[in-house]
Every structure is written in C-alpha cells, then in structure tokens.
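Asks: File work.txt below, compact mmCIF, C-alpha atoms:
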```txt
# COMPACT_ATOMS: atom_id res chain seq x y z
CA MET B 1 -14.65 7.77 17.82
CA GLU B 2 -11.50 8.54 19.79
CA LYS B 3 -9.25 5.58 20.55
CA THR B 4 -8.02 5.36 24.11
CA LYS B 5 -4.94 3.81 25.58
CA GLU B 6 -7.07 1.01 26.98
CA SER B 7 -8.26 -0.05 23.52
CA HIS B 8 -4.61 -0.36 22.33
CA PRO B 9 -2.56 -1.16 25.42
CA HIS B 10 0.52 -2.37 23.50
CA THR B 11 0.74 0.42 20.96
CA LEU B 12 3.49 2.40 22.70
CA ASP B 13 5.58 -0.71 23.35
CA GLU B 14 5.09 -1.99 19.79
CA CYS B 15 5.96 1.43 18.40
CA THR B 16 9.13 1.63 20.49
CA LYS B 17 10.12 -1.89 19.46
CA SER B 18 9.87 -0.78 15.82
CA ILE B 19 11.62 2.56 16.25
CA LEU B 20 14.71 1.40 18.15
CA PRO B 21 16.04 -1.09 15.57
CA VAL B 22 15.36 1.36 12.74
CA ARG B 23 17.31 4.00 14.65
CA ASP B 24 20.17 1.54 15.10
CA ALA B 25 20.20 0.80 11.37
CA LEU B 26 20.09 4.49 10.46
CA GLU B 27 22.93 5.24 12.85
CA VAL B 28 25.14 2.69 11.06
CA LEU B 29 24.04 3.68 7.54
CA SER B 30 23.32 7.37 8.00
CA GLY B 31 24.79 10.11 5.93
CA LYS B 32 25.15 10.87 2.29
CA TRP B 33 27.96 8.45 1.47
CA LYS B 34 27.69 5.08 3.23
CA LEU B 35 25.01 3.53 1.03
CA PRO B 36 26.64 4.67 -2.23
CA ILE B 37 29.95 3.16 -1.02
CA ILE B 38 28.22 -0.10 -0.15
CA ILE B 39 26.47 -0.13 -3.54
CA SER B 40 29.83 0.39 -5.27
CA LEU B 41 31.26 -2.59 -3.40
CA MET B 42 28.25 -4.74 -4.28
CA PHE B 43 29.64 -4.72 -7.81
CA GLY B 44 32.93 -6.23 -6.66
CA ASN B 45 36.07 -5.61 -4.67
CA LYS B 46 37.62 -2.21 -5.28
CA ARG B 47 40.67 -0.16 -4.57
CA PHE B 48 40.21 3.22 -2.88
CA SER B 49 40.57 5.17 -6.13
CA GLN B 50 37.98 3.00 -7.88
CA ILE B 51 35.42 3.67 -5.16
CA ALA B 52 36.22 7.39 -5.31
CA LYS B 53 35.49 7.40 -9.07
CA GLU B 54 32.22 5.49 -8.67
CA VAL B 55 30.87 7.71 -5.88
CA PRO B 56 30.78 11.17 -7.49
CA GLY B 57 31.43 14.14 -5.23
CA ILE B 58 33.02 12.30 -2.30
CA THR B 59 36.35 13.64 -1.09
CA ASP B 60 39.24 11.32 -0.29
CA LYS B 61 39.08 12.40 3.36
CA MET B 62 35.36 11.58 3.59
CA LEU B 63 35.77 8.27 1.74
CA SER B 64 38.53 7.27 4.14
CA LYS B 65 36.39 8.20 7.16
CA GLU B 66 33.31 6.36 5.87
CA LEU B 67 35.28 3.23 4.94
CA ARG B 68 36.74 3.13 8.47
CA GLU B 69 33.24 3.41 9.98
CA LEU B 70 31.85 0.74 7.66
CA GLU B 71 34.79 -1.48 8.57
CA SER B 72 34.22 -0.92 12.30
CA ASN B 73 30.60 -2.03 11.81
CA ASP B 74 31.75 -5.22 10.03
CA LEU B 75 30.17 -4.22 6.71
CA VAL B 76 33.41 -3.67 4.78
CA LYS B 77 36.69 -5.56 4.86
CA ARG B 78 40.04 -3.89 4.12
CA THR B 79 42.69 -6.21 2.72
CA VAL B 80 46.31 -5.16 2.37
CA TYR B 81 48.33 -7.19 -0.13
CA ASP B 82 52.05 -7.54 0.48
CA SER B 83 53.21 -6.37 -2.91
CA ILE B 84 55.27 -3.58 -4.37
CA PRO B 85 53.60 -1.18 -4.40
CA VAL B 86 51.31 -2.18 -1.56
CA VAL B 87 47.77 -2.80 -2.79
CA VAL B 88 44.76 -2.13 -0.53
CA GLU B 89 41.41 -3.54 -1.56
CA TYR B 90 37.98 -3.08 -0.04
CA SER B 91 35.19 -5.63 -0.17
CA LEU B 92 31.83 -6.22 1.43
CA THR B 93 31.77 -8.72 4.25
CA GLU B 94 29.13 -11.43 4.32
CA TYR B 95 27.30 -9.19 6.79
CA GLY B 96 27.60 -6.27 4.35
CA HIS B 97 26.01 -8.40 1.64
CA SER B 98 22.98 -8.82 3.91
CA LEU B 99 22.08 -5.21 2.97
CA LYS B 100 21.37 -6.19 -0.66
CA VAL B 101 17.65 -6.71 0.01
CA VAL B 102 17.40 -3.43 1.93
CA ILE B 103 19.16 -1.51 -0.84
CA ALA B 104 17.07 -3.15 -3.58
CA THR B 105 13.91 -2.18 -1.70
CA LEU B 106 15.14 1.40 -1.27
CA ARG B 107 16.07 1.56 -4.96
CA ASP B 108 12.63 0.31 -6.02
CA TRP B 109 10.91 2.79 -3.71
CA GLY B 110 13.13 5.59 -5.02
CA VAL B 111 12.26 4.77 -8.65
CA ALA B 112 8.54 4.73 -7.83
CA HIS B 113 8.82 7.94 -5.81
CA ARG B 114 10.65 9.73 -8.62
CA LYS B 115 7.94 8.68 -11.09
CA ARG B 116 5.23 9.82 -8.70
CA MET B 117 6.83 13.21 -8.19
CA MET B 118 7.34 13.68 -11.94
CA VAL B 119 3.63 13.03 -12.54
CA GLU B 120 2.51 15.39 -9.78
CA SER B 121 4.76 18.28 -10.82
```
Would you encode the structure as structure tokens?

Replies:
Amino acid sequence: MEKTKESHPHTLDECTKSILPVRDALEVLSGKWKLPIIISLMFGNKRFSQIAKEVPGITDKMLSKELRELESNDLVKRTVYDSIPVVVEYSLTEYGHSLKVVIATLRDWGVAHRKRMMVES
C-alpha cells in the first residue's frame, strides 16, 4: 500500500527539523581533523606540539587552522601564559566538553561497525 502525503502530513517538516541541526553540527565538526583534535583535548590541556603528536598525519598548518575554527565555535580555548618563553596551551571549553557523549556514541558505533565489517568480509 502506497503512503500518501495526506497520511503523513508532517513528515517533510519533521524531516527538515531533523536535518537542519545535524547539518549545523556537521558544519562545525566536519573534516578529518576536528574530532581527533577534540578527542586529544578531552585527555587534558595540551600545547600545540603535544596535539600534533597525538593526531598522526596532521600538518602544523592544518592544526593551526582547525584550532582557530574550533576556537571560533567556542569549543576550544587558547591560553597564552606570560612566561619566557611564552607558553600557549589549548583546552576544551565547557561547551566543548558537551561533545563527550556524542564522541562516545560515535566511538561505540565505530567499534561495532568495524566488527560487523570484519565478520562480513
């Protein structure tokens, strides 16, 4: 039996209301590097070079760009300490920590997916 628009009048609106916030989230977190940087910072405050070591394959230029974007979205805080030499440290903001549940869910799904694909191959 074919379902008509009349039988589900709110489907398009409900779908759109689900898609738009997911798009917003993906726009902020998209790319290969943002989530790994956030995960690195979930294990504590880090200097630039520490993050670079923990996120294999990222270039300094890309790390700098991604940190700036994460900072502009209030997920990462950059603190400059007045010392000699100057020390710059990155940390997650309280808002950045709100991604812990999202990342844990993605990690769990990724583990299950990997197992599934290993069984099927």

Asks: Have a look at atom CA of B:Ile103 and atom CA of B:Gly31 and let me know their distance in Å, one decimal.

Replies: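 Distance reported for this atom pair: 14.6 Å.
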
Asks: I'd like the interatomic distance between atom CA of B:Leu92 and atom CA of B:Ser18, to a tenth of an Å.

Replies: 26.8 Å

Asks: Which residue is closest to B:Glu66? Choose from B:Cys15, B:Leu20, B:Thr105, B:Pro36 and count all atoms listed in the file.

Replies: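 Closest to B:Glu66, using all atoms listed in the file: B:Pro36.
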
Asks: With distances taken over only C-alpha atoms, which of B:Val86, B:Ile39, B:Leu12, B:Leu26 is nearest to B:Lys100?

Replies: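 Under the stated criterion, the closest residue is B:Ile39.
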
Asks: Find the distance between atom CA of B:Ala25 and atom CA of B:Ser49 and write it in Å to one decimal.

Replies: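 Rounded to one decimal, the two atoms are 27.2 Å apart.
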
Asks: Have a look at B:Ser64, B:Ile38, B:Asp24, B:Met117 and name the one nearest to B:Tyr95; count all atoms listed in the file.

Replies: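 Among the listed residues, the smallest separation from B:Tyr95 belongs to B:Ile38.
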
Asks: With distances taken over only C-alpha atoms, which residue among B:Ser121, B:Asp82, B:Val22, B:Lys46 lies nearest B:Val102?

Replies: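 Selected residue with least distance to B:Val102: B:Val22.
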
Asks: Box in all listed atoms of stretch 41-49 of chain B, axis-aligned, with 4 Å more on each side; write out centre and edge lengths in Å to one decimal as JSON.

Replies:
```
{"center_x": 34.5, "center_y": -0.5, "center_z": -5.3, "size_x": 20.4, "size_y": 19.4, "size_z": 12.9}
```

Asks: Which residue gives the smallest distance to B:Trp33 among B:His97, B:Arg116, B:Lys65, B:Arg107, with only C-alpha atoms counted?

Replies: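 Answer, going by the shortest atom-to-atom distance: B:Lys65.
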